[in-house]
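**Student:** Quick one: structure below, then a few questions.
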Amino acid sequence: MSSKLECTGMPDIFRGCVNRLIALRYDSGTLGAVIHLPDFAEPGLLLLLCYCSEPICSNEWAKEKKSRQTVLRRVELIDEDLASKLNRQAESFTSYSLELDESNDIKDTAQLLIFIRGINDNFEITEEFLAMESLKGKTRGEDLYNRVSAAMERHKLPWSTLANVTTDGSPNQTGKNVGLLKRIQDRVKEDNSEQEVIFLHCIIHQEALCKFVLQLDHVVKPVVKLKADNFPELSDTDWLCDLAFAVDILTYMNELNVKLQGKYQFVHDMYTNIRAFKTKLALSSKQMSNKSFAHFPTLATLKEASRHVKKYRKSLDDLYEEFCRRFSDFGKKLTSLQLVSCPFTQDPETVPKELQLELIDLQCDAIMKEKFNSLKLDEFYASLSAAKFPNIQKMAQRMLVLFGSTYVCEQTFSVMNINKAPHRSQLSDGHLGSVLRITTTPDFDALAKTGDQQHCSY
């Protein structure tokens with residue numbers, strides 16, 4: 001289908017509505033905006049093209065023609081070096097979180113991706129690819145747990161400092177009795193009976209699911225299946241109003257979706273965007289009761305829109321309630337998130353007792369307040385005295401290390417699908433995992449130099 005609609009019989013404003021709706025890529029089978037391929041996809045392609053076909057020369061690392069076996073061995077060496085580096089970093093983690101997601105590759109093998117975010121006493125945050133675990137056959141909660149446990153054992157990660165696990169919310173992960181998360185919590189309790197793991201459902205996935213409460217299929221499907229010479233809906237003024245409403249509200253939701261994407265996002269920032277969106281929904285609903293469409297510019301151009309105020313208000317109210325329901329797990333941590341993100345505005349009486357006296361000392365310290373306004377959040381907490389503010393630092397480490405979404409896993413699945421494609425379907429799981437680790441590292445140029453320095457004889 002063309003990315004734009006050409007129809008001489010359609011008014012400009014409605015052609016614009018349709019084209020904008022198509023651009024949003026909304027349909028009943030899509031959960032959220034399309035996540036674009038990551039910037040790090042190209043190096044992965046380089047590695048696999050070198051391995052599976054003739055060497056190419058797109059950067060310094062591949063200027064010389066190398067045999068397939070040489071390239072393969074260098075990929076393995078770099079993977080081993082990265083894994084060893086991560087293991088050394090993990091030794092100093094005071095707290096860490098896991099991000100998990102599962103998808104099938106081109107051979108229909110279920111692949112479980114695991115990313116880790118860890119923090120140390122100096123508030124240095126590491127976010128890296130931990131493992132790709134292949135699931136042959138069943139993908140029950142028990143199977144997922146066994147693979148996660150194996151990855152943690154290989155990297156010598158203690159269960160006692162696991163703070164958070166974020167998933168896409170599938171039943172085999174979230175089952176109350178035998179799901180992956182239940183098994184993880186039970187295992188953590190064996191080592192640290194006081195440790196409560198924070199389980200979160202991907203905030204981007206939740207946001208995408210919320211839009212189905214709007215019930216816009218009667219508008220979206222005709223647009224998606226559009227034929228310019230056969231569009232009877234254009235003569236229906238009620239349908240045109242619904243189209244305009246859909247364009248406006250889905251534009252806002254798409255903008256929110258983009259704000260939630262990205263690496264190294266703190267959960268308090270992500271949840272702030274959700275709370276702001278809910279407040280905007282409440283404001284728009286209230287304004288519509290007075291037949292004001294101030295923040296719905298497309299809908300405001302139609303004089304017939306005022307006839308549908310009740311219906312559109314209900315849609316906004318339903319969407320607001322859906323956001324409240326779906327993000328209740330984040331809401332439960334609101335006090336802790338606000339304490340860490342805005343410690344100088346929190347009422348000491350509302351925080352846990354072990355933090356109250358420390359918080360009062362912090363709020364009364366003018367120098368600390370000046371530092372808070374001038375430093376990044378992690379740098380500010382690193383600057384605190386561990387002797388004077390031990391509990392506040394511990395709380396900050398726990399909140400800053402949380403994963404708010406499975407965005408990085410979704411990005412990496414895109415890389416996986418490029419590298420293990422129909423014309424490269426024989427790529428082994430082990431080598432695929434190596435490529436994913438390398439392509440998700442932030443400093444690929446340094447790795448390329450490392451690869452050139454490692455010589456092997458065969």
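Convention: chains lettered A, B, ... in structure tokens order; per-chain residue numbering from 1; ligands numbered from 1 as shown.
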As number ranges by chain, please: all residues of segment 70-150 of chain A that backbone DSSP puts in helix (DSSP H, G or I).

**Tutor:** A: 70-90, 141-150

**Student:** So that I can check the surroundings of segment 291-297 of chain A, please list as a PyMOL selection string every protein, DNA and RNA residue that reaches within 7 Å of it, counting only C-alpha atoms and ignoring chain neighbours fewer than 6 positions away.

**Tutor:** chain A and resi 248+284+306+309

**Student:** Neighbours of segment 276-280 of chain A within 8 Å (only C-alpha atoms; same-chain residues fewer than 2 positions away dropped), as number ranges by chain?

**Tutor:** A: 256, 272-274, 282-284, 320, 323

**Student:** Report, in Å with one decimal, the straight-line distance from atom CA of Ser289 of chain A to atom CA of Ser315 of chain A.

**Tutor:**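 According to the coordinates, atom CA of Ser289 of chain A and atom CA of Ser315 of chain A are separated by 12.7 Å.
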
**Student:** Fewer than 4 positions away in the same chain doesn't count, so skip those; otherwise give me all residues within 8 Å of Leu337 of chain A, counting only C-alpha atoms, as a compact mmCIF listing (two decimals) with N, CA and C atoms, in the first residue's frame.

**Tutor:**
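File around-v8.txt, as written:
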# COMPACT_ATOMS: atom_id res chain seq x y z
N VAL A 267 12.92 4.69 35.54
CA VAL A 267 11.49 4.41 35.65
C VAL A 267 10.71 5.64 36.10
N HIS A 268 11.28 6.45 37.00
CA HIS A 268 10.53 7.61 37.47
C HIS A 268 10.26 8.59 36.33
N LYS A 333 4.66 1.99 43.45
CA LYS A 333 6.03 2.41 43.77
C LYS A 333 6.19 3.92 43.65
N SER A 341 13.54 10.74 42.97
CA SER A 341 13.64 11.76 41.92
C SER A 341 13.51 13.18 42.44
N MET A 399 15.98 2.04 43.12
CA MET A 399 15.06 2.66 42.17
C MET A 399 15.73 2.98 40.83

**Student:** Skip Asp329 of chain A itself and residues of its chain fewer than 5 positions away, then list as a ChimeraX atom specification all residues within 10 Å of it, counting only C-alpha atoms.

**Tutor:** /A:198-201,203,324,334

**Student:** Excluding Met132 of chain A and any residue of its chain fewer than 6 positions from it, enumerate the residues within 7 Å of it, using only C-alpha atoms, and give them as a ChimeraX atom specification.

**Tutor:** /A:111-114,433

**Student:** Using only C-alpha atoms, which residues sit within 10 Å of Val219 of chain A once same-chain residues fewer than 5 positions away are excluded, as a PyMOL selection string?

**Tutor:** chain A and resi 18+21+224+233+239-247

**Student:** Let me make sure I understand: among A:Ala396, A:Val213, A:Leu377, A:Val435, which one has the smallest atom-to-atom distance to Phe413 of chain A if we use only C-alpha atoms?

**Tutor:** A:Val435
